[in-house]
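K.L.:
The structure file protein-v7.txt (compact mmCIF, C-alpha atoms) is provided below.
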# COMPACT_ATOMS: atom_id res chain seq x y z
CA MET A 1 -22.17 22.84 -1.29
CA THR A 2 -20.28 24.53 1.52
CA VAL A 3 -17.54 22.92 3.60
CA ARG A 4 -20.03 22.78 6.49
CA GLU A 5 -22.54 20.91 4.36
CA LEU A 6 -19.82 18.43 3.37
CA LEU A 7 -18.95 17.90 7.04
CA GLU A 8 -22.63 17.31 7.82
CA LYS A 9 -22.77 14.49 5.25
CA ASN A 10 -20.42 12.68 7.63
CA ILE A 11 -18.81 10.61 4.87
CA PHE A 12 -15.22 11.56 5.70
CA LYS A 13 -13.40 11.48 9.02
CA LEU A 14 -12.97 14.97 10.47
CA VAL A 15 -9.38 15.67 11.51
CA ASN A 16 -9.70 19.41 11.95
CA GLU A 17 -12.62 21.77 11.48
CA GLY A 18 -11.31 24.98 9.99
CA GLU A 19 -12.52 28.54 10.30
CA ASN A 20 -14.09 29.05 6.90
CA THR A 21 -16.65 26.26 6.88
CA GLY A 22 -19.15 28.59 5.20
CA ARG A 23 -17.04 28.49 2.04
CA GLU A 24 -18.51 27.14 -1.12
CA ILE A 25 -16.65 24.12 -2.57
CA SER A 26 -15.92 24.82 -6.23
CA VAL A 27 -14.57 21.50 -7.50
CA PRO A 28 -12.69 18.39 -6.33
CA TYR A 29 -8.99 18.63 -7.21
CA CYS A 30 -6.50 15.73 -7.19
CA CYS A 31 -2.73 16.16 -7.01
CA ASP A 32 0.04 14.76 -4.84
CA LEU A 33 3.00 16.83 -5.96
CA LEU A 34 2.96 20.04 -3.96
CA SER A 35 4.93 21.96 -6.58
CA ILE A 36 2.14 21.34 -9.11
CA ALA A 37 -0.72 21.87 -6.67
CA MET A 38 0.93 25.13 -5.65
CA GLY A 39 0.43 26.59 -9.11
CA LYS A 40 -2.71 24.77 -10.17
CA ALA A 41 -5.07 24.04 -7.25
CA PRO A 42 -8.25 26.04 -7.90
CA SER A 43 -9.40 28.39 -5.18
CA GLY A 44 -12.28 26.84 -3.25
CA ALA A 45 -11.36 23.30 -4.27
CA ALA A 46 -11.73 20.22 -2.11
CA TRP A 47 -8.14 19.04 -2.53
CA VAL A 48 -7.78 15.27 -2.45
CA THR A 49 -4.24 14.02 -1.85
CA VAL A 50 -2.17 11.33 -0.14
CA MET A 51 0.50 13.89 0.78
CA ALA A 52 -0.07 14.35 4.51
CA ASN A 53 2.76 16.72 5.14
CA ILE A 54 3.06 20.02 6.96
CA ASN A 55 3.79 21.67 3.61
CA THR A 56 0.44 20.44 2.29
CA LEU A 57 -1.12 22.90 4.74
CA ALA A 58 1.13 25.71 3.55
CA VAL A 59 0.16 25.04 -0.06
CA ALA A 60 -3.52 24.91 0.93
CA ALA A 61 -3.18 28.31 2.58
CA LEU A 62 -1.41 29.71 -0.47
CA THR A 63 -3.92 28.41 -3.02
CA GLU A 64 -6.96 29.10 -0.81
CA VAL A 65 -8.53 25.70 -1.29
CA ALA A 66 -11.73 25.16 0.74
CA CYS A 67 -10.54 21.99 2.45
CA ILE A 68 -8.08 19.10 2.24
CA ILE A 69 -9.19 15.46 2.09
CA LEU A 70 -6.47 12.89 2.73
CA ALA A 71 -7.24 9.70 0.79
CA GLU A 72 -6.12 6.06 1.06
CA GLY A 73 -6.42 6.00 4.86
CA VAL A 74 -3.42 8.31 5.18
CA LEU A 75 -3.38 10.17 8.47
CA PRO A 76 -1.38 13.31 9.25
CA ASP A 77 1.22 13.49 12.01
CA GLU A 78 0.76 15.71 15.04
CA GLN A 79 2.78 18.57 13.57
CA THR A 80 0.52 18.65 10.50
CA VAL A 81 -2.66 18.57 12.60
CA ASN A 82 -1.33 21.40 14.72
CA LYS A 83 -0.58 23.42 11.60
CA ALA A 84 -4.13 22.85 10.36
CA LYS A 85 -5.48 24.12 13.68
CA GLU A 86 -3.15 27.10 13.65
CA GLN A 87 -4.07 28.05 10.08
CA GLY A 88 -7.76 27.25 10.47
CA ILE A 89 -7.82 24.79 7.57
CA THR A 90 -10.43 22.04 7.37
CA LEU A 91 -8.71 18.66 7.16
CA LEU A 92 -10.61 15.45 6.42
CA ALA A 93 -9.56 11.85 5.91
CA ALA A 94 -11.00 9.09 3.74
CA GLU A 95 -10.27 5.37 3.49
CA GLU A 96 -10.96 5.27 -0.27
CA PRO A 97 -8.41 5.93 -3.01
CA VAL A 98 -8.00 9.41 -4.52
CA PHE A 99 -10.41 8.85 -7.44
CA GLU A 100 -13.26 7.41 -5.40
CA THR A 101 -12.86 10.13 -2.78
CA SER A 102 -12.98 12.85 -5.41
CA LEU A 103 -15.92 11.18 -7.11
CA GLN A 104 -17.92 11.34 -3.89
CA VAL A 105 -17.29 15.08 -3.70
CA TYR A 106 -18.08 15.45 -7.41
CA ASN A 107 -21.37 13.61 -7.07
CA LEU A 108 -22.38 15.74 -4.09
CA LEU A 109 -21.57 18.89 -6.02
CA ASN A 110 -23.54 17.72 -9.03
CA ALA A 111 -26.47 16.11 -7.25
CA MET B 112 19.81 31.19 11.85
CA THR B 113 22.49 33.25 10.15
CA PRO B 114 25.82 32.08 8.70
CA GLY B 115 27.53 33.82 11.61
CA ASN B 116 25.56 32.22 14.40
CA ILE B 117 25.66 28.78 12.74
CA ALA B 118 29.47 28.98 12.57
CA GLY B 119 29.55 30.34 16.13
CA MET B 120 27.37 27.52 17.42
CA ALA B 121 29.52 24.97 15.56
CA ALA B 122 32.58 26.45 17.28
CA VAL B 123 30.92 26.23 20.70
CA LYS B 124 30.07 22.58 20.00
CA GLU B 125 33.62 21.97 18.75
CA LEU B 126 32.53 20.59 15.39
CA ASP B 127 35.26 20.03 12.79
CA VAL B 128 33.23 20.10 9.59
CA ILE B 129 29.89 21.69 8.78
CA ALA B 130 27.88 21.99 5.57
CA LEU B 131 25.24 24.53 4.60
CA THR B 132 22.48 22.98 2.52
CA ASP B 133 19.66 25.46 2.14
CA HIS B 134 16.70 24.47 0.10
CA ASN B 135 17.41 25.05 -3.61
CA THR B 136 19.97 27.77 -3.00
CA CYS B 137 23.69 28.24 -2.32
CA LYS B 138 23.36 32.02 -2.04
CA ASN B 139 24.26 32.11 1.65
CA CYS B 140 27.30 29.88 1.17
CA PRO B 141 29.88 32.66 0.58
CA PRO B 142 29.31 34.30 4.00
CA PHE B 143 28.96 30.84 5.57
CA LEU B 144 32.42 29.80 4.37
CA LYS B 145 33.92 33.07 5.49
CA GLN B 146 32.35 32.92 8.96
CA ALA B 147 33.35 29.27 9.45
CA ASN B 148 36.88 30.06 8.31
CA ASP B 149 37.08 32.83 10.92
CA PHE B 150 36.16 30.25 13.57
CA GLY B 151 38.68 27.75 12.19
CA ILE B 152 35.98 25.31 11.05
CA LEU B 153 35.97 23.52 7.71
CA ALA B 154 32.77 24.49 5.86
CA ILE B 155 31.35 22.75 2.81
CA PRO B 156 29.16 24.69 0.38
CA GLY B 157 26.02 22.81 -0.55
CA MET B 158 22.33 22.72 -1.30
CA GLU B 159 19.35 20.55 -0.49
CA LEU B 160 17.97 20.19 -3.99
CA CYS B 161 14.26 19.45 -4.40
CA THR B 162 13.88 17.52 -7.65
CA ARG B 163 10.91 17.48 -10.01
CA GLU B 164 9.64 14.41 -8.12
CA GLU B 165 10.04 16.37 -4.85
CA VAL B 166 12.85 14.11 -3.72
CA HIS B 167 15.32 15.95 -1.51
CA VAL B 168 18.97 15.46 -2.42
CA LEU B 169 21.95 16.94 -0.60
CA CYS B 170 24.52 18.31 -3.03
CA LEU B 171 27.98 19.11 -1.63
CA PHE B 172 30.78 20.84 -3.49
CA GLU B 173 34.51 21.05 -3.20
CA GLU B 174 34.71 24.64 -4.39
CA LEU B 175 32.51 27.63 -3.63
CA GLU B 176 32.71 28.91 -7.21
CA ALA B 177 31.35 25.64 -8.60
CA ALA B 178 28.59 25.62 -5.96
CA MET B 179 27.57 29.12 -7.06
CA GLU B 180 27.49 28.02 -10.71
CA PHE B 181 25.31 25.07 -9.69
CA ASP B 182 23.11 27.55 -7.82
CA LYS B 183 22.60 29.49 -11.06
CA TYR B 184 21.62 26.32 -12.89
CA VAL B 185 19.11 25.31 -10.23
CA TYR B 186 17.70 28.82 -10.00
CA SER B 187 17.04 28.83 -13.74
CA HIS B 188 15.15 25.53 -13.32
CA LEU B 189 13.13 26.54 -10.26
CA PHE B 190 9.34 26.56 -10.64
CA LYS B 191 8.91 30.26 -10.09
CA VAL B 192 6.27 30.86 -7.45
CA LYS B 193 6.59 34.01 -5.35
CA ASN B 194 7.27 33.39 -1.68
CA LYS B 195 4.68 34.45 0.87
CA ALA B 196 6.75 35.01 3.99
CA GLU B 197 3.70 34.88 6.30
CA ILE B 198 3.03 31.30 5.16
CA PHE B 199 6.44 29.86 4.27
CA GLY B 200 8.77 32.09 6.29
CA GLU B 201 11.39 34.62 5.27
CA GLN B 202 14.16 33.77 2.79
CA LEU B 203 16.84 36.20 3.83
CA LEU B 204 20.14 36.77 2.08
CA VAL B 205 23.04 37.67 4.30
CA ASN B 206 26.45 39.26 3.60
CA GLU B 207 29.84 38.42 5.05
CA GLU B 208 29.19 40.74 8.01
CA ASP B 209 26.10 38.66 8.84
CA GLU B 210 23.81 41.53 7.83
CA VAL B 211 20.67 40.98 5.79
CA TYR B 212 21.06 42.59 2.38
CA GLY B 213 18.08 41.15 0.58
CA GLU B 214 15.43 38.52 0.29
CA GLU B 215 14.89 35.75 -2.24
CA GLU B 216 11.57 36.52 -3.93
CA TYR B 217 10.82 33.05 -5.31
CA LEU B 218 9.77 30.21 -3.05
CA LEU B 219 12.76 27.94 -2.41
CA LEU B 220 10.59 25.23 -0.87
CA ASN B 221 9.27 24.53 -4.34
CA ALA B 222 10.71 21.91 -6.68
CA ALA B 223 13.24 22.52 -9.44
CA ASP B 224 12.57 21.15 -12.90
CA ILE B 225 15.44 18.67 -12.61
CA GLY B 226 14.73 14.93 -12.60
CA PHE B 227 16.20 12.70 -9.90
CA ASP B 228 17.91 10.67 -12.64
CA GLU B 229 19.79 13.75 -13.83
CA VAL B 230 21.25 14.72 -10.47
CA TYR B 231 24.28 12.42 -10.34
CA ASP B 232 25.87 13.64 -13.58
CA LEU B 233 24.72 17.20 -13.07
CA VAL B 234 26.34 17.54 -9.64
CA LYS B 235 29.45 15.67 -10.76
CA GLY B 236 29.80 18.23 -13.54
CA TYR B 237 30.33 20.86 -10.82
CA ASN B 238 32.81 18.60 -9.03
CA GLY B 239 30.24 17.80 -6.35
CA ILE B 240 28.59 14.77 -4.80
CA MET B 241 24.93 13.84 -4.31
CA ILE B 242 23.46 12.33 -1.16
CA PRO B 243 19.74 11.43 -1.22
CA ALA B 244 18.42 13.09 1.94
CA HIS B 245 16.51 11.53 4.85
CA ILE B 246 15.57 8.50 2.75
CA ASP B 247 13.51 7.08 5.63
CA LYS B 248 11.13 10.05 5.82
CA SER B 249 7.55 9.66 4.63
CA ALA B 250 7.69 12.81 2.50
CA ASN B 251 10.29 14.31 0.17
CA SER B 252 12.46 11.24 0.24
CA LEU B 253 13.79 8.98 -2.49
CA ILE B 254 12.03 5.92 -1.12
CA ALA B 255 8.72 7.60 -0.24
CA ASN B 256 8.41 9.58 -3.46
CA LEU B 257 9.75 7.13 -6.04
CA GLY B 258 8.77 4.01 -4.10
CA PHE B 259 12.14 2.32 -4.57
CA ILE B 260 15.77 3.00 -5.36
CA PRO B 261 16.15 3.10 -9.16
CA PRO B 262 18.35 0.10 -10.06
CA ASP B 263 20.55 2.20 -12.36
CA SER B 264 21.47 4.59 -9.53
CA ARG B 265 25.13 5.51 -9.03
CA PHE B 266 25.20 7.42 -5.75
CA THR B 267 27.14 5.78 -2.93
CA CYS B 268 26.07 7.79 0.10
CA VAL B 269 22.64 8.33 1.64
CA GLU B 270 21.36 10.22 4.66
CA VAL B 271 19.11 8.44 7.14
CA LYS B 272 17.17 10.31 9.81
CA GLU B 273 16.45 7.54 12.31
CA GLU B 274 19.60 5.55 12.91
CA GLY B 275 17.57 2.61 14.24
CA ARG B 276 15.92 2.09 10.85
CA THR B 277 19.12 1.38 8.90
CA LYS B 278 18.98 -2.42 9.23
CA GLU B 279 15.38 -2.57 8.03
CA LEU B 280 16.15 -0.18 5.15
CA LYS B 281 19.11 -2.29 4.02
CA GLU B 282 17.00 -5.42 4.06
CA LYS B 283 14.27 -3.81 1.98
CA HIS B 284 16.66 -1.98 -0.33
CA PRO B 285 19.82 -4.05 -0.85
CA TYR B 286 21.30 -1.22 -2.97
CA LEU B 287 22.07 0.49 0.35
CA ASN B 288 24.64 -2.18 1.19
CA GLN B 289 26.95 -0.51 -1.29
CA CYS B 290 26.42 2.94 0.25
CA ARG B 291 27.84 4.86 3.13
CA ILE B 292 24.96 5.77 5.45
CA ILE B 293 25.28 9.10 7.19
CA TYR B 294 23.41 10.60 10.14
CA ASP B 295 23.45 14.30 10.90
CA SER B 296 21.53 16.97 12.72
CA ASP B 297 19.65 18.30 9.64
CA ALA B 298 19.34 21.40 11.81
CA HIS B 299 16.68 23.90 10.78
CA TYR B 300 17.08 25.80 14.04
CA LEU B 301 20.23 26.80 15.87
CA GLU B 302 19.37 24.69 18.92
CA HIS B 303 19.10 21.58 16.73
CA ILE B 304 22.77 21.59 15.81
CA ASN B 305 24.21 18.35 17.21
CA GLU B 306 27.04 17.84 19.62
CA PRO B 307 29.98 16.13 17.87
CA VAL B 308 28.37 12.69 18.00
CA HIS B 309 28.88 11.53 14.41
CA PHE B 310 32.34 10.90 13.01
CA LEU B 311 33.83 10.48 9.56
CA GLN B 312 37.40 9.41 8.89
CA ALA B 313 38.99 11.48 6.12
CA ALA B 314 42.60 11.32 4.91
CA GLU B 315 43.04 15.05 5.41
CA ARG B 316 41.08 17.92 6.87
CA ASN B 317 40.02 19.51 3.61
CA ARG B 318 36.92 19.54 1.45
CA ARG B 319 38.23 17.19 -1.20
CA GLU B 320 39.05 14.47 1.31
CA VAL B 321 35.82 14.90 3.27
CA LEU B 322 33.74 14.55 0.11
CA LYS B 323 35.82 11.58 -0.94
CA ALA B 324 35.29 9.91 2.44
CA LEU B 325 31.55 10.52 2.20
CA ILE B 326 31.18 8.70 -1.12
CA THR B 327 33.47 5.84 -0.15
CA PRO B 328 31.23 3.10 1.28
Kindly return the structure encoded in the file as structure tokens.

P.N.:
Amino acid sequence: MTVRELLEKNIFKLVNEGENTGREISVPYCCDLLSIAMGKAPSGAAWVTVMANINTLAVAALTEVACIILAEGVLPDEQTVNKAKEQGITLLAAEEPVFETSLQVYNLLNA
Amino acid sequence: MTPGNIAGMAAVKELDVIALTDHNTCKNCPPFLKQANDFGILAIPGMELCTREEVHVLCLFEELEAAMEFDKYVYSHLFKVKNKAEIFGEQLLVNEEDEVYGEEEYLLLNAADIGFDEVYDLVKGYNGIMIPAHIDKSANSLIANLGFIPPDSRFTCVEVKEEGRTKELKEKHPYLNQCRIIYDSDAHYLEHINEPVHFLQAAERNRREVLKALITP
């Protein structure tokens, strides 16, 4: 499933549509500590986190995840949204907790 | 921002005391102290430590030598990820003439493998003080990251970003009633350095007394 296909499912709120929506999503990945995600987030992952911080975007750029999904109804501030636009990173938001959000991605990937 | 232009700006703004608290490093403190001294400003060597839990803690030291020893300790506990300047920005090292002589290769934004619980004794061992930073922020703060103030805490000074939130914070976290609350510019850019709008009464104009005043509620 590509990022575009995930967007088309319309199950998460779109905060920013990035540039690489043709990218294949490899796996859902859950982590809220940026220092761990920085070393461990798999390339191409749909990264599910509650950390809506400008540095989340920097870590996403570094680890080359396919998209970020903010869980638990967390919404990013303006600075973070602007950074997502600037870096062309797809940013989504979900009302569900981290596990349920990841599970939705997992089920789509394994359908 | 360089040590020279920070000290220069502080002089223009007629500040008495300034502290340098780079993320996870004290390596620019030696030129910072020298430049501030040349401008007749009292400078405190420090660091904004990012703990294992990604809680930011300001660490201030009485002596430069001790700060540099603390720097070595933190550096040896840093999660070593190479910096990518195009994403995270440059991490320049500057000499006493304000010239760039090198660059820190590892990302200083990253956490150090030091637990929040360890910080009080650790910093005290270098004759320094700890101040949990911007505790009202939604990221990288004691309250946001740990959820509460650990009841066995011993620090007696905290930094708050939005002055208007202090009352609410004290109500929610009574521990703060035994702390001095400080407000500062937390300047990441030269133009963000405050006018002299915040005051601290110290017995004498030296580092020991300023640190003492900070931790006296």

K.L.:
Just need the residues of chain A within 9 Å of chain B, counting all atoms listed in the file, so spit them out as a list in words.

P.N.:
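Applying the cut-off to the listed atoms yields Leu33, Leu34, Ser35, Ile36, Met38, Gly39, Met51, Ala52, Asn53, Asn55, Ala58, Val59, Ala61 and Leu62 of chain A.
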
K.L.:
Kindly give the distance, in Å, that separates atom CA of Cys31 of chain A and atom CA of Gly44 of chain A, rounded to a single decimal.

P.N.:
14.8 Å

K.L.:
Would you please work out which residue, of A:Leu7, A:Pro42, A:Phe99, A:Pro76, is nearest to Glu64 of chain A when using all atoms listed in the file?

P.N.:
A:Pro42

K.L.:
Would you please work out which residue, of B:Leu171, B:Leu280, B:Ala121, B:Ala244, is nearest to Asn148 of chain B when using all atoms listed in the file?

P.N.:
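So, comparing all the options, the nearest one is B:Ala121.
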
K.L.:
Which of these, B:Glu315, B:Glu180, B:Glu215, B:Glu273, has the shortest distance to Asp297 of chain B once you count only C-alpha atoms?

P.N.:
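Among the listed residues, B:Glu273 lies closest to Asp297 of chain B.
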
K.L.:
By how many Å are atom CA of Lys40 of chain A and atom CA of Asp133 of chain B apart?

P.N.:
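According to the coordinates, atom CA of Lys40 of chain A and atom CA of Asp133 of chain B are separated by 25.5 Å.
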
K.L.:
Distance cut-off 10 Å, centre (-5.6, 27.0, 7.0) in file coordinates, counting all atoms listed in the file: which residues qualify? Return them as an mmCIF file with C-alpha atoms, in the frame of the given file.

P.N.:
data_model
loop_
_atom_site.group_PDB
_atom_site.id
_atom_site.type_symbol
_atom_site.label_atom_id
_atom_site.label_comp_id
_atom_site.auth_asym_id
_atom_site.auth_seq_id
_atom_site.Cartn_x
_atom_site.Cartn_y
_atom_site.Cartn_z
ATOM 1 C CA ASN A 16 -9.700 19.410 11.950
ATOM 2 C CA GLU A 17 -12.620 21.770 11.480
ATOM 3 C CA GLY A 18 -11.310 24.980 9.990
ATOM 4 C CA GLU A 19 -12.520 28.540 10.300
ATOM 5 C CA ASN A 20 -14.090 29.050 6.900
ATOM 6 C CA LEU A 57 -1.120 22.900 4.740
ATOM 7 C CA ALA A 58 1.130 25.710 3.550
ATOM 8 C CA VAL A 59 0.160 25.040 -0.060
ATOM 9 C CA ALA A 60 -3.520 24.910 0.930
ATOM 10 C CA ALA A 61 -3.180 28.310 2.580
ATOM 11 C CA LEU A 62 -1.410 29.710 -0.470
ATOM 12 C CA GLU A 64 -6.960 29.100 -0.810
ATOM 13 C CA VAL A 65 -8.530 25.700 -1.290
ATOM 14 C CA ALA A 66 -11.730 25.160 0.740
ATOM 15 C CA CYS A 67 -10.540 21.990 2.450
ATOM 16 C CA ILE A 68 -8.080 19.100 2.240
ATOM 17 C CA LYS A 83 -0.580 23.420 11.600
ATOM 18 C CA ALA A 84 -4.130 22.850 10.360
ATOM 19 C CA LYS A 85 -5.480 24.120 13.680
ATOM 20 C CA GLU A 86 -3.150 27.100 13.650
ATOM 21 C CA GLN A 87 -4.070 28.050 10.080
ATOM 22 C CA GLY A 88 -7.760 27.250 10.470
ATOM 23 C CA ILE A 89 -7.820 24.790 7.570
ATOM 24 C CA THR A 90 -10.430 22.040 7.370
ATOM 25 C CA LEU A 91 -8.710 18.660 7.160
ATOM 26 C CA ILE B 198 3.030 31.300 5.160
#

K.L.:
Within 7 Å of Leu204 of chain B, counting all atoms listed in the file, which residues qualify if same-chain residues fewer than 6 places away don't, as a PyMOL selection string?

P.N.:
chain B and resi 139+211-215

K.L.:
Determine the nearest neighbour of Arg318 of chain B from the options B:Val271, B:Leu218, B:Ala298, B:Ala154, counting all atoms listed in the file.

P.N.:
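Closest residue, counting all atoms listed in the file: B:Ala154.
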
K.L.:
Mind listing whatever residues come within 6 Å of the point (-7.8, 7.2, 3.9)? Use all atoms listed in the file, file coordinates, and give them as a list in words.

P.N.:
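Selection result: Leu70, Ala71, Glu72, Gly73, Val74, Ala93, Ala94, Glu95 and Glu96 of chain A.
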
K.L.:
Would you mind listing what lies within 7 Å of Ser102 of chain A as a short mmCIF file (atom, residue, chain, number, x, y, z; two decimals) with C-alpha atoms, in the coordinates of the input, with only C-alpha atoms counted and same-chain residues fewer than 3 positions away left out?

P.N.:
data_model
loop_
_atom_site.label_atom_id
_atom_site.label_comp_id
_atom_site.auth_asym_id
_atom_site.auth_seq_id
_atom_site.Cartn_x
_atom_site.Cartn_y
_atom_site.Cartn_z
CA PRO A 28 -12.69 18.39 -6.33
CA VAL A 48 -7.78 15.27 -2.45
CA VAL A 98 -8.00 9.41 -4.52
CA PHE A 99 -10.41 8.85 -7.44
CA VAL A 105 -17.29 15.08 -3.70
CA TYR A 106 -18.08 15.45 -7.41
#

K.L.:
Record the distance separating atom CA of Leu253 of chain B and atom CA of Glu274 of chain B, expressed in Å with one decimal.

P.N.:
16.8 Å

K.L.:
Name the closest residue to Thr101 of chain A among the candidates A:Val3, A:Val81, A:Ile69, A:Ile25; distances are taken between atoms, counting all atoms listed in the file.

P.N.:
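Of A:Val3, A:Val81, A:Ile69, A:Ile25, the one nearest Thr101 of chain A is A:Ile69, counting all atoms listed in the file.
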